[in-house]
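Data from data.pdb: PDB, C-alpha atoms, pLDDT in the B column
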```
MODEL        1
ATOM      1  CA  MET A 298     123.801 114.332 131.001  1.00 69.00           C
ATOM      2  CA  SER A 299     124.844 116.782 128.261  1.00 92.00           C
ATOM      3  CA  THR A 300     121.607 116.059 126.371  1.00 93.00           C
ATOM      4  CA  MET A 301     119.666 117.099 129.475  1.00 93.00           C
ATOM      5  CA  ARG A 302     121.708 120.315 129.790  1.00 94.00           C
ATOM      6  CA  LEU A 303     121.200 121.074 126.098  1.00 94.00           C
ATOM      7  CA  ALA A 304     117.443 120.637 126.515  1.00 95.00           C
ATOM      8  CA  ILE A 305     117.438 122.944 129.554  1.00 95.00           C
ATOM      9  CA  VAL A 306     119.472 125.608 127.746  1.00 96.00           C
ATOM     10  CA  SER A 307     117.194 125.344 124.725  1.00 96.00           C
ATOM     11  CA  LEU A 308     114.070 125.677 126.882  1.00 97.00           C
ATOM     12  CA  GLN A 309     115.578 128.640 128.758  1.00 97.00           C
ATOM     13  CA  LYS A 310     116.337 130.408 125.482  1.00 97.00           C
ATOM     14  CA  GLU A 311     112.771 129.809 124.329  1.00 98.00           C
ATOM     15  CA  LEU A 312     111.407 131.185 127.600  1.00 97.00           C
ATOM     16  CA  ASN A 313     113.617 134.263 127.280  1.00 97.00           C
ATOM     17  CA  ARG A 314     112.486 134.796 123.686  1.00 98.00           C
ATOM     18  CA  ARG A 315     108.844 134.535 124.708  1.00 98.00           C
ATOM     19  CA  ALA A 316     109.397 136.948 127.591  1.00 97.00           C
ATOM     20  CA  GLU A 317     110.944 139.475 125.193  1.00 97.00           C
ATOM     21  CA  ASN A 318     108.038 139.067 122.773  1.00 98.00           C
ATOM     22  CA  ALA A 319     105.547 139.457 125.606  1.00 98.00           C
ATOM     23  CA  GLN A 320     107.234 142.695 126.697  1.00 97.00           C
ATOM     24  CA  LYS A 321     107.200 144.012 123.115  1.00 97.00           C
ATOM     25  CA  ASP A 322     103.511 143.099 122.824  1.00 97.00           C
ATOM     26  CA  LYS A 323     102.789 144.802 126.147  1.00 97.00           C
ATOM     27  CA  ASP A 324     104.562 147.971 124.988  1.00 97.00           C
ATOM     28  CA  TYR A 325     102.681 147.875 121.695  1.00 97.00           C
ATOM     29  CA  LEU A 326      99.335 147.447 123.458  1.00 97.00           C
ATOM     30  CA  LYS A 327     100.156 150.411 125.713  1.00 97.00           C
ATOM     31  CA  GLU A 328     100.945 152.480 122.611  1.00 97.00           C
ATOM     32  CA  LEU A 329      97.652 151.441 120.992  1.00 97.00           C
ATOM     33  CA  HIS A 330      95.761 152.249 124.192  1.00 97.00           C
ATOM     34  CA  ASP A 331      97.295 155.733 124.253  1.00 96.00           C
ATOM     35  CA  LYS A 332      96.447 156.290 120.588  1.00 97.00           C
ATOM     36  CA  ASN A 333      92.865 155.108 121.174  1.00 97.00           C
ATOM     37  CA  THR A 334      92.527 157.507 124.091  1.00 96.00           C
ATOM     38  CA  ASP A 335      93.764 160.358 121.904  1.00 95.00           C
ATOM     39  CA  LEU A 336      91.335 159.393 119.133  1.00 96.00           C
ATOM     40  CA  ARG A 337      88.421 159.219 121.591  1.00 96.00           C
ATOM     41  CA  ILE A 338      89.233 162.734 122.790  1.00 96.00           C
ATOM     42  CA  ARG A 339      89.456 164.038 119.239  1.00 95.00           C
ATOM     43  CA  LEU A 340      86.180 162.289 118.348  1.00 96.00           C
ATOM     44  CA  ALA A 341      84.414 163.813 121.352  1.00 94.00           C
ATOM     45  CA  ILE A 342      85.636 167.271 120.339  1.00 94.00           C
ATOM     46  CA  ALA A 343      84.501 166.742 116.739  1.00 93.00           C
ATOM     47  CA  GLU A 344      81.082 165.491 117.891  1.00 92.00           C
ATOM     48  CA  ALA A 345      80.705 168.483 120.216  1.00 91.00           C
ATOM     49  CA  LEU A 346      81.592 170.889 117.418  1.00 90.00           C
ATOM     50  CA  LEU A 347      79.144 169.180 115.083  1.00 90.00           C
ATOM     51  CA  ALA A 348      76.378 169.237 117.689  1.00 87.00           C
ATOM     52  CA  GLU A 349      77.050 172.914 118.330  1.00 84.00           C
ATOM     53  CA  ARG A 350      76.869 173.613 114.604  1.00 83.00           C
ATOM     54  CA  ASP A 351      73.611 171.661 114.234  1.00 76.00           C
ATOM     55  CA  HIS A 352      72.036 172.991 117.444  1.00 72.00           C
ATOM     56  CA  PRO A 353      73.758 176.224 118.449  1.00 67.00           C
ATOM     57  CA  THR A 354      73.436 177.215 122.080  1.00 64.00           C
ATOM     58  CA  PHE A 355      73.501 180.878 121.124  1.00 61.00           C
ATOM     59  CA  THR A 356      70.961 182.229 118.705  1.00 59.00           C
ATOM     60  CA  PRO A 357      70.258 185.886 118.007  1.00 59.00           C
ATOM     61  CA  ASN A 358      66.513 185.133 118.148  1.00 56.00           C
ATOM     62  CA  VAL A 359      66.028 185.684 121.889  1.00 54.00           C
ATOM     63  CA  GLU A 360      62.657 187.393 121.566  1.00 57.00           C
ATOM     64  CA  GLY A 361      60.813 184.139 120.894  1.00 56.00           C
ATOM     65  CA  LYS A 362      59.785 185.049 117.382  1.00 56.00           C
ATOM     66  CA  GLN A 363      59.383 182.346 114.785  1.00 52.00           C
ATOM     67  CA  LYS A 364      62.412 181.894 112.609  1.00 54.00           C
ATOM     68  CA  SER A 365      61.686 181.983 108.921  1.00 57.00           C
ATOM     69  CA  GLY A 366      61.773 178.676 107.130  1.00 59.00           C
ATOM     70  CA  ILE A 367      60.582 176.619 110.103  1.00 62.00           C
ATOM     71  CA  PRO A 368      57.006 175.381 109.631  1.00 63.00           C
ATOM     72  CA  VAL A 369      54.855 175.566 112.761  1.00 62.00           C
ATOM     73  CA  ASN A 370      51.362 174.147 113.104  1.00 66.00           C
ATOM     74  CA  GLU A 371      48.458 175.844 114.855  1.00 65.00           C
ATOM     75  CA  ARG A 372      49.470 174.496 118.268  1.00 65.00           C
ATOM     76  CA  GLY A 373      52.953 176.000 117.901  1.00 58.00           C
ATOM     77  CA  GLU A 374      54.664 172.668 117.224  1.00 61.00           C
ATOM     78  CA  CYS A 375      57.349 172.185 114.603  1.00 54.00           C
TER
ENDMDL
END
```
Could I get this structure in the form of structure tokens?
Amino acid sequence: MSTMRLAIVSLQKELNRRAENAQKDKDYLKELHDKNTDLRIRLAIAEALLAERDHPTFTPNVEGKQKSGIPVNERGEC
């Protein structure tokens, strides 16, 4: 009977250890998820800033005149 009790205690300890590891893994995954969310936000901001720099929404050329340095064909296409 003591061998059976020893086996049960051993299995219970193993289950407890696995439960602790699972909780640690769950906490770690939550931390990674939060970090990924933060990185996605920062990436979106960086992409928006880059897009704004490449294609500004405000240009001083509001009169529709051709900007120098941009070749335009006879049909007015770039």
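Atom pair atom CA of Arg339 of chain A / atom CA of His352 of chain A has a distance of 19.7 Å (rounded to one decimal).
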* Structure fact -> Pairwise distance, atom CA of Ala343 of chain A with atom CA of Tyr325 of chain A, equals 26.7 Å
* Asked: Distance atom CA of Ser307 of chain A-atom CA of Ala319 of chain A, one decimal place?
  ->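 Going from atom CA of Ser307 of chain A over to atom CA of Ala319 of chain A covers 18.3 Å.
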